[in-house]
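Okay, so here's the structure we're looking at.
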There are 2 protein chains.
Amino acid sequence: MTNPSSATPQPLTCDEEALVRALGQVMHVLPRTIDADMVGDRQLPLTEYTALMNLSETPDRRMRMNELAALCHLSLSGMTRTIIRLETQGLVRRERCEEDARGWNAVLTDAGFARLEESWPSHLAAVRRRFLQHFEGFDLAQLARAFQRAGMAEPTD
Amino acid sequence: MTNPSSATPQPLTCDEEALVRALGQVMHVLPRTIDADMVGDRQLPLTEYTALMNLSETPDRRMRMNELAALCHLSLSGMTRTIIRLETQGLVRRERCEEDARGWNAVLTDAGFARLEESWPSHLAAVRRRFLQHFEGFDLAQLARAFQRAGMAEPTD
DNA sequence: AACCGGTGCTTGATTGGTCAAGCAAGTACC
DNA sequence: GGTACTTGCTTGACCAATCAAGCACCGGTT
């Protein structure tokens with residue numbers, strides 16, 4: 001089928017092209033690199049770190065699965081599996097939700113909190129070194145807003 | 001509490017924090033979104049598209065596996081598997097390398113080229129809509145350089 | 001000319017994610 | 001208060017990537 005929506009679109013400019021290629025590279029390379037940095041240092045892969053971090057930021061260190069999944073940018077089933085991994089390491093515990101017996105709370109344990117505290121310097125260093133460092137001199141707030149817009153995926157109409 | 005193991009690094013500023021979070025979101029969401037856009041439209045997932053595109057840009061539409069893997073930001077085995085997928089669809093053919101019988105060339109077939117031509121408007125649209133659109137008003141060349149630096153991963157010391 | 005370390009690619013096992021189907025608890029409606 | 005639908009999460013099947021091991025070939029050494 002011919003694509004009706006696209007009447008032979010204009011090609012990218014040279015700068016756009018360069019940016020898109022560089023983005024492709026970053027999207028592939030950065031997660032693995034940061035992950036490798038962290039795993040090498042404290043055995044906490046990025047996904048699990050993110051989950052613990054989000055839990056630690058709530059007042060009572062617990063969160064419903066669907067909310068946590070959204071914050072981690074993970075599908076609900078992906079979240080389930082991550083939490084199971086964390087649970088077997090004793091970093092997280094699960095409790096049935098009081099006000100809705102279908103729901104579960106992931107609860108950060110003391111061990112989990114301790115592990116997070118051990119990990120964050122390494123995470124911080126990785127993020128600075130692999131990413132922030134290269135954006136010195138940029139207007140970070142403006143850049144952050146642009147990324148936020150790009151990250152909010154609307155459905156694939 | 002103070003962290004003894006690591007000279008307590010400075011926490012991120014608020015803007016840095018926002019940027020890092022937004023980047024995390026983009027890295028998770030964008031590849032899947034663009035992929036979904038493309039698959040929905042022309043059944044060519046992003047990885048395979050990228051491989052075909054890189055092949056199409058060589059003078060004789062062929063490339064050694066390791067070079068192609070590097071351009072696609074894929075491991076060599078990942079590249080092998082991608083090329084196998086493309087081969088079974090008839091979009092790529094493999095030929096032993098003339099000057100080194102260990103090596104293989106991935107060769108873009110006519111069908112592959114045609115498929116690429118069908119796909120690129122959709123790829124272009126996805127990239128614009130999901131990414132470039134949000135960076136209007138930025139200095140794209142400068143941004144591209146920063147991304148290139150970030151994408152060049154040095155080994156995990 | 002036989003060997004041997006290095007190189008190019010593939011294969012096998014594993015991992016970490018997805019989607020779709022399932023199940024159990026809640027909710028609305030008659 | 002049962003029936004039908006919805007919601008929250010888990011499970012099963014799958015998929016695309018990784019790493020490590022294997023195989024075939026190269027090229028220099030003797």
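Each chain in the structure tokens gets a letter, A, B, ..., in the order shown, and its residues are numbered from 1; ligands are numbered from 1 in order too.
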Quick one: contact table of chain A to chain C, 8 Å max, nearest atom pair and distance in Å to one decimal per residue, counting only C-alpha atoms (C1' of nucleotides), chain and number order, as JSON lines?
{"residue": "A:Ser75", "atom": "CA", "partner": "C:DT18", "partner_atom": "C1'", "distance": 7.9}
{"residue": "A:Gly78", "atom": "CA", "partner": "C:DG17", "partner_atom": "C1'", "distance": 6.5}
{"residue": "A:Asp100", "atom": "CA", "partner": "C:DG26", "partner_atom": "C1'", "distance": 7.8}
{"residue": "A:Ala101", "atom": "CA", "partner": "C:DA25", "partner_atom": "C1'", "distance": 6.3}
{"residue": "A:Arg102", "atom": "CA", "partner": "C:DA25", "partner_atom": "C1'", "distance": 5.2}
Those same residues, written as a short mmCIF file (atom, residue, chain, number, x, y, z; two decimals), in the first residue's frame with N, CA, C and O atoms?
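Here's the written file result.cif:
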data_model
loop_
_atom_site.label_atom_id
_atom_site.label_comp_id
_atom_site.auth_asym_id
_atom_site.auth_seq_id
_atom_site.Cartn_x
_atom_site.Cartn_y
_atom_site.Cartn_z
N SER A 75 6.77 -2.16 31.09
CA SER A 75 5.44 -2.73 31.05
C SER A 75 5.14 -3.34 32.41
O SER A 75 6.03 -3.59 33.21
N GLY A 78 6.87 -6.57 32.79
CA GLY A 78 8.30 -6.32 33.01
C GLY A 78 8.57 -5.92 34.45
O GLY A 78 9.54 -6.35 35.07
N ASP A 100 -7.37 -2.48 48.39
CA ASP A 100 -7.81 -3.16 47.16
C ASP A 100 -7.07 -4.47 47.06
O ASP A 100 -5.90 -4.51 46.67
N ALA A 101 -7.73 -5.53 47.39
CA ALA A 101 -7.07 -6.83 47.56
C ALA A 101 -6.55 -7.40 46.25
O ALA A 101 -5.86 -8.42 46.24
N ARG A 102 -6.85 -6.76 45.12
CA ARG A 102 -6.23 -7.21 43.88
C ARG A 102 -4.80 -6.69 43.79
O ARG A 102 -3.96 -7.25 43.12
#
For the contact check between chain D and chain B, emit one row per residue of chain D within 8 Å, containing the shortest atom pair and the distance in Å rounded to one decimal, counting only C-alpha atoms (C1' of nucleotides), chain then rising number order, as JSON lines.
{"residue": "D:DA17", "atom": "C1'", "partner": "B:Gly78", "partner_atom": "CA", "distance": 6.4}
{"residue": "D:DT18", "atom": "C1'", "partner": "B:Ser75", "partner_atom": "CA", "distance": 7.9}
{"residue": "D:DA24", "atom": "C1'", "partner": "B:Arg102", "partner_atom": "CA", "distance": 6.7}
{"residue": "D:DC25", "atom": "C1'", "partner": "B:Arg102", "partner_atom": "CA", "distance": 5.4}
{"residue": "D:DC26", "atom": "C1'", "partner": "B:Asp100", "partner_atom": "CA", "distance": 7.9}
Just-selected residues, N, CA and C atoms (P, O5', C5', C4', C3', O3' and C1' of nucleotides) written as a compact mmCIF listing (two decimals), in the first residue's frame:
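What ended up in part_30.txt:
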# COMPACT_ATOMS: atom_id res chain seq x y z
P DA D 17 17.79 -6.88 17.74
O5' DA D 17 19.09 -7.13 18.64
C5' DA D 17 19.47 -6.24 19.66
C4' DA D 17 19.92 -6.97 20.89
C3' DA D 17 21.33 -7.55 20.92
O3' DA D 17 22.27 -6.55 21.25
C1' DA D 17 19.75 -8.94 22.06
P DT D 18 23.83 -6.88 21.06
O5' DT D 18 24.18 -7.70 22.39
C5' DT D 18 23.96 -7.11 23.68
C4' DT D 18 24.26 -8.17 24.73
C3' DT D 18 25.67 -8.73 24.57
O3' DT D 18 26.54 -8.17 25.56
C1' DT D 18 24.03 -10.50 24.78
P DA D 24 34.96 -26.51 10.66
O5' DA D 24 35.49 -25.35 9.72
C5' DA D 24 34.58 -24.35 9.29
C4' DA D 24 35.37 -23.19 8.72
C3' DA D 24 36.57 -23.64 7.88
O3' DA D 24 36.55 -22.84 6.71
C1' DA D 24 37.28 -22.17 9.57
P DC D 25 37.45 -23.21 5.45
O5' DC D 25 38.51 -22.03 5.51
C5' DC D 25 38.04 -20.70 5.41
C4' DC D 25 39.10 -19.79 5.98
C3' DC D 25 40.44 -19.87 5.26
O3' DC D 25 40.63 -18.62 4.63
C1' DC D 25 40.68 -19.71 7.61
P DC D 26 41.84 -18.42 3.59
O5' DC D 26 42.84 -17.55 4.45
C5' DC D 26 42.42 -16.25 4.90
C4' DC D 26 43.44 -15.74 5.88
C3' DC D 26 44.85 -15.65 5.32
O3' DC D 26 45.18 -14.27 5.20
C1' DC D 26 44.80 -16.61 7.52
Counting only C-alpha atoms, which residues of chain A come no farther than 6 Å from chain B, as an NGL selection string? :A and (15 or 18-19 or 22 or 25-27 or 37 or 130-131 or 134 or 140-141 or 144 or 146-148 or 150-151 or 156)
Least-squares overlay of chain B on chain A, all C-alpha in order, gives RMSD 2.0 Å
DSSP on the backbone: what in segment 27-129 of chain A comes out helix (DSSP H, G or I), as a PyMOL selection string? chain A and resi 27-42+46-56+65-72+76-88+110-129
Separation of atom CA of Glu87 of chain A and atom CA of Gly112 of chain A, in Å? 9.4 Å
